[in-house]
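Since the structure comes first, as structure tokens, the remarks are kept for the end.
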Amino acid sequence: MTDAAARRVTRGLERRRAGAYRTTPPCPGLDWRPEIGQRYGRGVWLRVSELEQRINEIMDWMDAAGEDHEQRAAAVEEYLRLAYTHRDDEQFDVGAWSQTLADSYLALGRVPDAVRTIRDATRRGYGEGAEMLCDLAEKLMRLGH
């Protein structure tokens with residue numbers, strides 16, 4: 001994963017932990033009703049979209065996976081499916097998460113899947129294109145492929 005991609009993934013996780021993507025109340029003064037996806041803050045009920053709720057679930061799954069590459073890969077696959085479905089939404093960082101998925105695939109020995117993931121992301125115009133492919137080639141050479 002490139003330094004830029006790693007920073008984007010880390011920044012996204014930090015923002016999530018700081019409450020930027022949370023559907024639970026960021027402070028004790030907010031009332032939360034998860035059964036209807038609403039929270040109360042500043043005198044009004046705010047509707048949390050289903051998309052935002054799903055992203056939160058995937059991020060929680062990623063946090064729970066830790067260093068388990070099989071679980072991480074499954075969570076990121078779900079995230080990327082969601083991102084490709086909602087192409088016009090700018091909150092997805094497909095390039096960085098594609099790098100994360102490829103790294104998990106390499107850790108699991110799934111080289112063809114890692115290559116496919118980077119190829120798909122670059123063909124769709126996500127990430128740094130040639131830089132992502134070069135990083136993958138370098139990792140493959142280090143692994144003896």
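Starting from 1 in every chain, residues are counted up; chains themselves are A, B, ... following the order of the structure tokens, and ligands are numbered from 1 as listed.
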I need the alpha helix (DSSP H) residues of stretch 52-111 of chain A per DSSP on the backbone, written as a ChimeraX atom specification.
/A:52-65,69-85,94-107,111
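Note that atom CA of A:Asp103 and atom CA of A:Gln91 are 21.7 Å apart.
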Report as a ChimeraX atom specification all protein, DNA and RNA residues lying within 12 Å of A:Tyr84, evaluated on only C-alpha atoms, omitting residues in the same chain fewer than 5 positions from it.
/A:77-79,89-95,97-98,120-121,124-126
Please produce an output containing C-alpha atoms for each residue in the selection, written as a PDB file, in the first residue's frame.
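File written: out14.pdb
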ATOM      1  CA  GLU A  77     -15.084  -6.751  -0.255  1.00  0.00           C
ATOM      2  CA  GLU A  78     -18.462  -5.706   1.144  1.00  0.00           C
ATOM      3  CA  TYR A  79     -17.327  -2.074   1.395  1.00  0.00           C
ATOM      4  CA  ASP A  89     -21.076   9.206  -3.570  1.00  0.00           C
ATOM      5  CA  GLU A  90     -17.786  10.873  -2.642  1.00  0.00           C
ATOM      6  CA  GLN A  91     -17.495   9.412   0.854  1.00  0.00           C
ATOM      7  CA  PHE A  92     -15.950   6.198  -0.497  1.00  0.00           C
ATOM      8  CA  ASP A  93     -12.186   5.938  -0.987  1.00  0.00           C
ATOM      9  CA  VAL A  94     -12.114   3.034  -3.396  1.00  0.00           C
ATOM     10  CA  GLY A  95      -8.421   3.352  -4.274  1.00  0.00           C
ATOM     11  CA  TRP A  97      -9.556   0.320   0.262  1.00  0.00           C
ATOM     12  CA  SER A  98      -8.655  -1.611  -2.910  1.00  0.00           C
ATOM     13  CA  ASP A 120     -10.497  -3.382 -11.419  1.00  0.00           C
ATOM     14  CA  ALA A 121      -9.841  -0.273  -9.324  1.00  0.00           C
ATOM     15  CA  ARG A 124     -12.604   2.187 -13.056  1.00  0.00           C
ATOM     16  CA  GLY A 125     -10.442   5.259 -12.506  1.00  0.00           C
ATOM     17  CA  TYR A 126      -9.916   4.939  -8.763  1.00  0.00           C
TER      18      TYR A 126
END
Find, counting only C-alpha atoms, the residue in A:Leu101, A:Ala96, A:Ala114, A:Cys134 that gets nearest to A:Val76.
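Result for the nearest residue to A:Val76: A:Leu101.
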Please compute the atom CA of A:Glu138-atom CA of A:Leu80 distance, one decimal, in Å.
23.5 Å
Atomic distance atom CA of A:Asp68 - atom CA of A:Glu131, expressed in Å with one decimal
26.2 Å
Got a sec: who's within 10 Å of A:Ala74, counting only C-alpha atoms, leaving out chain neighbours fewer than 4 positions off, as a ChimeraX atom specification?
/A:58,61-62,65,69-70,78-79,101,104
